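**Student:** Structure supplied as my_file-v3.csv; contents: CSV, C-alpha atoms.
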```
chain,number,residue,atom,x,y,z
A,166,MET,CA,29.5,-10.9,11.4
A,167,ARG,CA,29.7,-14.0,13.4
A,168,ARG,CA,31.7,-16.8,14.9
A,169,ILE,CA,30.0,-19.6,16.8
A,170,LEU,CA,31.4,-20.0,20.3
A,171,CYS,CA,30.3,-23.3,21.9
A,172,GLY,CA,27.5,-23.3,19.3
A,173,LEU,CA,24.6,-21.1,20.3
A,174,ALA,CA,21.7,-19.7,18.6
A,175,GLY,CA,18.5,-20.8,20.2
A,176,VAL,CA,19.7,-20.6,23.8
A,177,LEU,CA,18.7,-23.9,25.2
A,178,LEU,CA,21.1,-24.3,28.1
A,179,THR,CA,22.9,-27.6,28.5
A,180,ALA,CA,26.0,-28.5,30.3
A,181,GLY,CA,27.3,-24.9,30.3
A,182,CYS,CA,26.8,-24.5,26.6
A,183,VAL,CA,24.0,-23.2,24.4
A,184,THR,CA,22.6,-25.6,21.8
A,185,ASN,CA,23.0,-24.5,18.2
A,186,ILE,CA,19.4,-24.2,17.3
A,187,GLU,CA,18.3,-20.9,15.7
A,188,ASP,CA,14.6,-21.7,15.7
A,189,THR,CA,13.3,-20.8,19.2
A,190,GLY,CA,9.6,-20.8,18.6
A,191,PRO,CA,6.8,-20.7,16.0
A,192,VAL,CA,7.3,-18.4,13.1
A,193,PRO,CA,4.4,-15.9,12.7
A,194,PRO,CA,2.2,-16.3,9.6
A,195,LYS,CA,2.9,-14.2,6.5
A,196,VAL,CA,0.8,-11.1,5.9
A,197,ALA,CA,-1.1,-11.5,2.6
A,198,VAL,CA,0.0,-8.8,0.1
A,199,GLN,CA,-1.3,-8.1,-3.5
A,200,THR,CA,0.8,-6.8,-6.4
A,201,VAL,CA,0.4,-3.1,-7.1
A,202,PRO,CA,0.7,-2.8,-10.9
A,203,GLU,CA,1.8,0.8,-11.1
A,204,LEU,CA,4.7,0.0,-8.8
A,205,ALA,CA,5.6,-3.3,-10.5
A,206,ALA,CA,5.7,-1.4,-13.8
A,207,ARG,CA,8.7,0.6,-12.5
A,208,LEU,CA,11.0,-2.4,-12.0
A,209,PRO,CA,14.4,-2.2,-13.6
A,210,PRO,CA,14.2,-4.4,-16.8
A,211,GLY,CA,16.8,-6.9,-15.6
A,212,ILE,CA,15.0,-7.5,-12.3
A,213,ALA,CA,11.6,-7.7,-14.1
A,214,ALA,CA,12.9,-10.3,-16.5
A,215,ALA,CA,14.4,-12.4,-13.8
A,216,GLY,CA,11.3,-12.1,-11.6
A,217,GLU,CA,13.4,-11.8,-8.5
A,218,VAL,CA,15.8,-9.6,-6.6
A,219,VAL,CA,19.0,-11.2,-5.1
A,220,VAL,CA,19.2,-10.1,-1.5
A,221,GLY,CA,22.5,-10.5,0.5
A,222,VAL,CA,21.8,-11.4,4.2
A,223,ASN,CA,23.8,-12.6,7.2
A,224,VAL,CA,22.3,-15.0,9.7
A,225,PRO,CA,21.7,-15.6,12.5
A,226,TYR,CA,20.5,-12.2,13.9
A,227,GLN,CA,17.3,-13.0,15.7
A,228,PRO,CA,14.5,-11.9,15.4
A,229,ASN,CA,15.4,-10.1,12.2
A,230,GLU,CA,17.0,-12.9,10.1
A,231,TYR,CA,17.8,-16.4,11.1
A,232,ARG,CA,17.2,-20.1,10.2
A,233,ASP,CA,14.2,-22.1,11.4
A,234,ARG,CA,14.3,-25.8,12.2
A,235,HIS,CA,13.9,-26.6,8.6
A,236,GLY,CA,16.9,-24.5,7.5
A,237,GLU,CA,14.8,-21.8,6.0
A,238,ILE,CA,15.8,-18.2,6.5
A,239,VAL,CA,13.0,-16.4,8.4
A,240,GLY,CA,12.5,-13.3,10.5
A,241,PHE,CA,11.1,-9.8,10.6
A,242,ASP,CA,13.3,-8.6,7.9
A,243,ILE,CA,12.4,-11.5,5.7
A,244,ASP,CA,8.7,-11.1,6.1
A,245,LEU,CA,8.9,-7.4,5.3
A,246,MET,CA,11.0,-7.9,2.2
A,247,ASP,CA,8.7,-10.8,1.1
A,248,ALA,CA,5.8,-8.3,1.4
A,249,VAL,CA,7.7,-5.6,-0.5
A,250,THR,CA,8.6,-7.9,-3.4
A,251,ALA,CA,5.0,-9.2,-3.4
A,252,VAL,CA,3.9,-5.6,-3.9
A,253,LEU,CA,6.3,-5.5,-6.9
A,254,GLY,CA,5.1,-8.8,-8.3
A,255,ILE,CA,8.5,-10.6,-7.9
A,256,ARG,CA,10.2,-12.7,-5.3
A,257,ALA,CA,13.3,-12.3,-3.1
A,258,ARG,CA,16.1,-14.8,-3.4
A,259,TYR,CA,18.1,-14.7,-0.2
A,260,THR,CA,21.9,-15.4,-0.4
A,261,GLU,CA,24.0,-15.8,2.8
A,262,SER,CA,27.1,-13.6,3.1
A,263,ALA,CA,29.5,-12.5,5.8
A,264,PHE,CA,28.1,-9.1,7.0
A,265,GLU,CA,31.2,-7.1,6.0
A,266,LYS,CA,30.9,-8.4,2.4
A,267,ILE,CA,27.3,-7.4,1.8
A,268,ILE,CA,27.9,-3.7,0.9
A,269,PRO,CA,30.9,-4.5,-1.4
A,270,ALA,CA,28.8,-7.1,-3.1
A,271,VAL,CA,26.0,-4.6,-3.6
A,272,GLN,CA,28.5,-2.2,-5.1
A,273,ALA,CA,29.8,-4.9,-7.4
A,274,GLY,CA,26.4,-5.8,-8.6
A,275,THR,CA,26.5,-9.3,-7.1
A,276,TYR,CA,23.4,-8.5,-5.0
A,277,ASP,CA,20.6,-6.3,-6.0
A,278,LEU,CA,20.3,-5.2,-2.4
A,279,GLY,CA,21.7,-5.9,1.1
A,280,MET,CA,19.4,-6.5,4.0
A,281,SER,CA,20.8,-7.5,7.3
A,282,SER,CA,19.7,-5.1,10.0
A,283,ILE,CA,22.2,-2.6,8.5
A,284,THR,CA,22.3,0.7,10.3
A,285,ASP,CA,22.1,3.6,7.9
A,286,THR,CA,25.2,5.8,8.7
A,287,PRO,CA,26.8,8.8,6.9
A,288,GLU,CA,29.9,6.7,6.3
A,289,ARG,CA,28.0,3.8,4.7
A,290,GLU,CA,26.0,6.3,2.6
A,291,GLU,CA,29.3,7.2,0.8
A,292,GLN,CA,29.3,3.6,-0.5
A,293,VAL,CA,25.6,2.8,-1.2
A,294,ASP,CA,22.2,4.3,-0.9
A,295,PHE,CA,19.8,3.2,1.9
A,296,VAL,CA,16.1,2.8,1.9
A,297,THR,CA,15.0,3.2,5.6
A,298,TYR,CA,12.4,0.8,6.9
A,299,PHE,CA,12.8,0.5,10.7
A,300,THR,CA,14.5,2.3,13.6
A,301,ALA,CA,16.6,0.7,16.3
A,302,GLY,CA,18.8,1.9,19.2
A,303,VAL,CA,21.6,0.3,21.1
A,304,GLN,CA,20.7,-1.8,24.2
A,305,TRP,CA,23.2,-3.4,26.6
A,306,ALA,CA,22.5,-6.6,28.6
A,307,GLN,CA,24.1,-8.1,31.7
A,308,ARG,CA,23.8,-11.3,33.6
A,309,THR,CA,20.7,-11.1,35.9
A,310,GLY,CA,21.6,-9.4,39.1
A,311,ASP,CA,24.8,-7.7,37.9
A,312,ASP,CA,25.2,-4.0,38.0
A,313,ILE,CA,26.7,-2.8,34.7
A,314,ASP,CA,26.4,0.9,33.7
A,315,PRO,CA,26.9,1.4,29.9
A,316,GLU,CA,28.0,4.9,30.6
A,317,ASN,CA,30.6,3.8,33.2
A,318,ALA,CA,31.8,0.4,32.1
A,319,CYS,CA,35.6,1.2,32.3
A,320,GLY,CA,37.6,-2.0,32.7
A,321,ALA,CA,34.6,-4.2,31.9
A,322,ARG,CA,34.7,-6.9,29.2
A,323,VAL,CA,31.9,-6.3,26.6
A,324,ALA,CA,30.9,-8.6,23.8
A,325,VAL,CA,29.8,-7.3,20.4
A,326,GLN,CA,29.2,-8.6,17.0
A,327,ALA,CA,32.1,-7.9,14.6
A,328,THR,CA,31.7,-5.0,12.1
A,329,THR,CA,28.5,-3.7,13.7
A,330,VAL,CA,28.0,-0.1,14.8
A,331,GLU,CA,28.5,-1.4,18.4
A,332,HIS,CA,31.9,-2.8,17.4
A,333,ILE,CA,33.1,0.0,15.2
A,334,ASP,CA,31.7,3.1,16.9
A,335,GLU,CA,29.7,2.8,20.1
A,336,VAL,CA,31.8,0.7,22.5
A,337,PRO,CA,35.1,2.0,21.2
A,338,ALA,CA,34.0,5.6,21.9
A,339,LYS,CA,33.0,4.7,25.4
A,340,SER,CA,36.4,3.0,25.9
A,341,GLU,CA,38.2,6.1,24.6
A,342,ALA,CA,36.3,8.2,27.1
A,343,CYS,CA,37.5,5.9,29.8
A,344,ILE,CA,41.1,6.3,28.7
A,345,ALA,CA,40.7,10.1,28.5
A,346,ALA,CA,39.5,10.1,32.1
A,347,GLY,CA,42.5,8.1,33.3
A,348,LYS,CA,40.5,4.9,33.7
A,349,ASP,CA,41.0,1.4,32.4
A,350,PRO,CA,39.7,0.9,28.8
A,351,ILE,CA,36.7,-1.4,28.0
A,352,ILE,CA,37.9,-4.8,26.8
A,353,ILE,CA,36.0,-5.5,23.6
A,354,ASP,CA,35.4,-9.1,22.6
A,355,ALA,CA,34.1,-9.2,19.0
A,356,PHE,CA,32.4,-12.4,17.7
A,357,ASP,CA,31.4,-13.3,14.1
A,358,GLU,CA,27.8,-14.2,15.2
A,359,GLN,CA,25.4,-12.5,17.5
A,360,SER,CA,24.5,-15.9,18.9
A,361,ALA,CA,28.1,-16.2,20.1
A,362,VAL,CA,27.9,-12.8,21.8
A,363,THR,CA,24.8,-13.9,23.8
A,364,ASN,CA,26.5,-17.2,24.6
A,365,ALA,CA,29.6,-15.5,26.0
A,366,LEU,CA,27.4,-13.4,28.3
A,367,VAL,CA,25.3,-16.3,29.5
A,368,LEU,CA,28.4,-18.3,30.3
A,369,GLY,CA,30.0,-15.4,32.2
A,370,GLN,CA,32.9,-15.0,29.7
A,371,VAL,CA,32.1,-11.3,29.4
A,372,ASP,CA,30.5,-8.7,31.8
A,373,ALA,CA,28.0,-7.3,29.3
A,374,MET,CA,26.9,-7.3,25.6
A,375,SER,CA,25.9,-4.5,23.3
A,376,ALA,CA,23.6,-5.0,20.3
A,377,ASP,CA,20.8,-3.4,18.4
A,378,SER,CA,17.7,-3.0,20.7
A,379,PRO,CA,15.5,-5.6,19.0
A,380,VAL,CA,18.3,-8.1,19.0
A,381,THR,CA,19.0,-7.6,22.7
A,382,ALA,CA,15.3,-7.8,23.6
A,383,TYR,CA,15.1,-11.1,21.7
A,384,ALA,CA,18.2,-12.5,23.4
A,385,ILE,CA,16.8,-11.6,26.8
A,386,LYS,CA,13.5,-13.3,26.1
A,387,GLN,CA,15.2,-16.5,24.9
A,388,THR,CA,17.6,-16.9,27.9
A,389,ASP,CA,14.8,-17.6,30.4
A,390,GLY,CA,15.9,-14.9,32.8
A,391,LYS,CA,19.6,-15.5,32.7
A,392,ILE,CA,20.3,-12.0,31.3
A,393,GLU,CA,18.6,-8.7,31.6
A,394,PRO,CA,18.8,-5.1,30.3
A,395,ALA,CA,21.7,-3.0,31.5
A,396,GLY,CA,20.5,0.6,31.1
A,397,PRO,CA,18.0,2.1,28.6
A,398,VAL,CA,17.9,2.0,24.8
A,399,PHE,CA,20.0,4.8,23.3
A,400,ASP,CA,21.3,6.2,20.0
A,401,ALA,CA,18.3,5.3,17.9
A,402,ALA,CA,19.0,5.2,14.2
A,403,PRO,CA,17.4,3.8,11.1
A,404,TYR,CA,17.9,0.4,9.5
A,405,GLY,CA,18.2,0.6,5.7
A,406,TRP,CA,18.2,-1.7,2.7
A,407,ALA,CA,21.5,-1.1,0.8
A,408,VAL,CA,21.3,-0.6,-3.0
A,409,ALA,CA,23.9,0.7,-5.5
A,410,LYS,CA,24.4,4.5,-5.5
A,411,GLY,CA,21.8,6.1,-7.8
A,412,SER,CA,20.0,2.9,-8.5
A,413,PRO,CA,16.3,3.3,-9.5
A,414,LEU,CA,15.7,0.3,-7.2
A,415,GLY,CA,16.1,2.6,-4.2
A,416,PRO,CA,13.1,4.9,-4.9
A,417,LEU,CA,11.0,1.9,-5.9
A,418,LEU,CA,11.7,0.0,-2.7
A,419,ARG,CA,10.9,3.2,-0.8
A,420,ASP,CA,7.6,3.6,-2.5
A,421,ALA,CA,6.7,-0.1,-2.1
A,422,VAL,CA,7.4,-0.2,1.7
A,423,GLN,CA,5.6,3.2,2.0
A,424,TYR,CA,2.6,1.5,0.4
A,425,LEU,CA,2.7,-1.2,3.1
A,426,MET,CA,3.1,1.5,5.8
A,427,ASP,CA,0.1,3.4,4.5
A,428,SER,CA,-2.0,0.2,4.2
A,429,GLY,CA,-1.3,-1.0,7.7
A,430,GLN,CA,0.3,-4.2,6.5
A,431,TYR,CA,3.7,-3.0,7.6
A,432,ARG,CA,2.5,-2.4,11.1
A,433,GLN,CA,1.0,-5.9,11.2
A,434,ILE,CA,4.3,-7.4,10.2
A,435,THR,CA,6.1,-5.5,13.0
A,436,GLU,CA,3.5,-6.6,15.5
A,437,ASN,CA,3.8,-10.3,14.4
A,438,TRP,CA,7.4,-10.2,15.4
A,439,GLY,CA,7.0,-8.0,18.5
A,440,VAL,CA,9.2,-5.2,17.2
A,441,GLN,CA,6.5,-2.6,16.7
A,442,GLU,CA,8.3,-0.1,18.9
A,443,GLY,CA,10.8,0.5,16.1
A,444,ALA,CA,8.2,0.9,13.4
A,445,LEU,CA,8.5,3.9,11.0
A,446,GLY,CA,5.7,5.9,9.4
A,447,THR,CA,7.8,7.2,6.5
A,448,SER,CA,10.5,5.6,4.4
A,449,VAL,CA,13.3,7.8,2.9
A,450,ILE,CA,16.4,7.4,0.9
A,451,ASN,CA,19.5,8.0,3.0
A,452,GLY,CA,18.1,8.9,6.4
A,453,ALA,CA,21.3,8.7,8.4
A,454,ARG,CA,21.5,10.9,11.4
A,455,SER,CA,24.9,12.5,11.8
```
Could you write out this structure as structure tokens?
**Tutor:**
Amino acid sequence: MRRILCGLAGVLLTAGCVTNIEDTGPVPPKVAVQTVPELAARLPPGIAAAGEVVVGVNVPYQPNEYRDRHGEIVGFDIDLMDAVTAVLGIRARYTESAFEKIIPAVQAGTYDLGMSSITDTPEREEQVDFVTYFTAGVQWAQRTGDDIDPENACGARVAVQATTVEHIDEVPAKSEACIAAGKDPIIIDAFDEQSAVTNALVLGQVDAMSADSPVTAYAIKQTDGKIEPAGPVFDAAPYGWAVAKGSPLGPLLRDAVQYLMDSGQYRQITENWGVQEGALGTSVINGARS
């Protein structure tokens, strides 16, 4: 997913560049969660013996997963997975990966699951199963005062994070519509890291950026008024944890996060990170919307 451009992440503006600090404020406290024995008893034997699940993640993607000032991986996704594994009486061991390598590594058994704000799509469901835990839409941003219309951005330069839905599907479809209408295509600039996407917009290297709605909201908050929303949130779809096709870990993760949803602890975690608008009430296996 990400290539650092002039080194951004925490968006402290200096001399036309953004300082490479992912930590942009205090991390919320963890929600205390107790083990649920009847769920823990369903752990696959190998995971139960290891006492952990190996989770492939890609950072930074604030506020969902990123590194704090101490180098620890933190974020909404992290707190939720830590709560889920606490329900199961084990721990999560997070392993960094390029975004595009997470699903193949889950298929190969290198990771027990992949968790990196991955949108559950029909195409991805052909490769792995997904356990839904959140919903997010697409949100464009522009430099404050600009006038960019996501539905009429023909000829504009738009930054996206490489291999995301915005890069593979959303912006290319808009560009193809421009061409079909006899207009200039959208120029798509793909970066390995979301931090570089935001940096390019702040520095005026692109006209707009497109990202998942919680990521865009966080970027806007962290740039101190330098960028703003461009149009409404659209194309809402679920995030999912990726597990191997047919793995018993999928239904177990579903039931563990459903326990947290029913207990109110899931809601507290979303509120701690300010992402409660995307909270789900029910987790399912393979909830992609075609």
**Student:** Find the spatial neighbours of Phe295 of chain A, counting only C-alpha atoms, within a cut-off of 12 Å - ignore same-chain residues fewer than 4 positions away - and output them as an NGL selection string.
**Tutor:** :A and (268 or 271 or 278-280 or 282-291 or 299 or 403-419 or 448-453)
**Student:** Which of these residues is nearest to Asp314 of chain A, using all atoms listed in the file: A:Ile333, A:Ile352, A:Ala376, A:Ala395?
**Tutor:** A:Ala395
**Student:** With only C-alpha atoms as the atoms that count, which of A:Ala215, A:Leu366, A:Val196, A:Ala327 lies nearest to Ile255 of chain A?
**Tutor:**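 Among the listed residues, the smallest separation from Ile255 of chain A belongs to A:Ala215.
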**Student:** Just the residues within 6 Å of Ala301 of chain A, please, counting all atoms listed in the file, with nothing from its chain fewer than 5 positions along; format it as an MDAnalysis selection string.
**Tutor:** chainID A and resid 378 401:402 443
**Student:** Which protein, DNA or RNA residues are at most 9 Å from (17.6, -13.9, 14.3) in the file's coordinates when you count all atoms listed in the file, listed as a list in words?
**Tutor:**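 Applying the cut-off with all atoms listed in the file, one gets Ala174, Glu187, Asp188, Val224, Pro225, Tyr226, Gln227, Pro228, Asn229, Glu230, Tyr231, Arg232, Val239, Gly240, Phe241, Gln359, Ser360, Val380 and Tyr383 of chain A.
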**Student:** Closest to Lys195 of chain A among A:Gln433, A:Gly439, A:Ala361, A:Phe399, using only C-alpha atoms?
**Tutor:**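 Closest to Lys195 of chain A, using only C-alpha atoms: A:Gln433.
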**Student:** Which distance in Å separates atom CA of Gly236 of chain A and atom CA of Arg258 of chain A, to one decimal?
**Tutor:**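 We find that atom CA of Gly236 of chain A and atom CA of Arg258 of chain A lie 14.6 Å from each other.
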**Student:** If you measure from atom CA of Asp247 of chain A to atom CA of Asp294 of chain A, what distance in Å do you get, rounded to one decimal?
**Tutor:**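 Answer for the atom CA of Asp247 of chain A to atom CA of Asp294 of chain A separation: 20.4 Å.
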**Student:** Suppose you want the space between atom CA of Cys319 of chain A and atom CA of Pro350 of chain A; what is it in Å?
**Tutor:**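 If I compute the distance from atom CA of Cys319 of chain A to atom CA of Pro350 of chain A, I get 5.4 Å.
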**Student:** Could you give me, as a list of chain:residue names, the residues within 12 Å of Ala214 of chain A, counting all atoms listed in the file and dropping anything in the same chain fewer than 5 positions from it?
**Tutor:**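 Here the qualifying residues turn out to be A:Ala205, A:Ala206, A:Leu208, A:Pro209, A:Gly254, A:Ile255, A:Arg256.
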**Student:** Which one is closest to Thr300 of chain A: A:Asp420, A:Asp427, A:Asp400, A:Asp372? Count only C-alpha atoms.
**Tutor:** A:Asp400
**Student:** Ranking A:Asp334, A:Asp311, A:Glu217, A:Asp357 by minimum distance to Gly369 of chain A and counting only C-alpha atoms, which one comes first?
**Tutor:**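 The closest residue to Gly369 of chain A is A:Asp311.
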**Student:** Box time for segment 367-371 of chain A: axis-aligned, enclosing all its listed atoms, 6 Å extra on each side; report centre and edge lengths in Å to one decimal, as JSON.
**Tutor:**
```
{"center_x": 29.1, "center_y": -14.8, "center_z": 30.8, "size_x": 19.6, "size_y": 19.0, "size_z": 14.8}
```
**Student:** Find, counting all atoms listed in the file, the residue in A:Thr309, A:Thr297, A:Gln199, A:Asn317 that gets nearest to Gln423 of chain A.
**Tutor:**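 With all atoms listed in the file as the atom set, the closest residue is A:Thr297.
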**Student:** Find the residues around Val222 of chain A up to 8 Å (only C-alpha atoms counted), leave out those fewer than 6 positions away in its own chain, and share them as a PyMOL selection string.
**Tutor:** chain A and resi 230+259-264+267+279-281
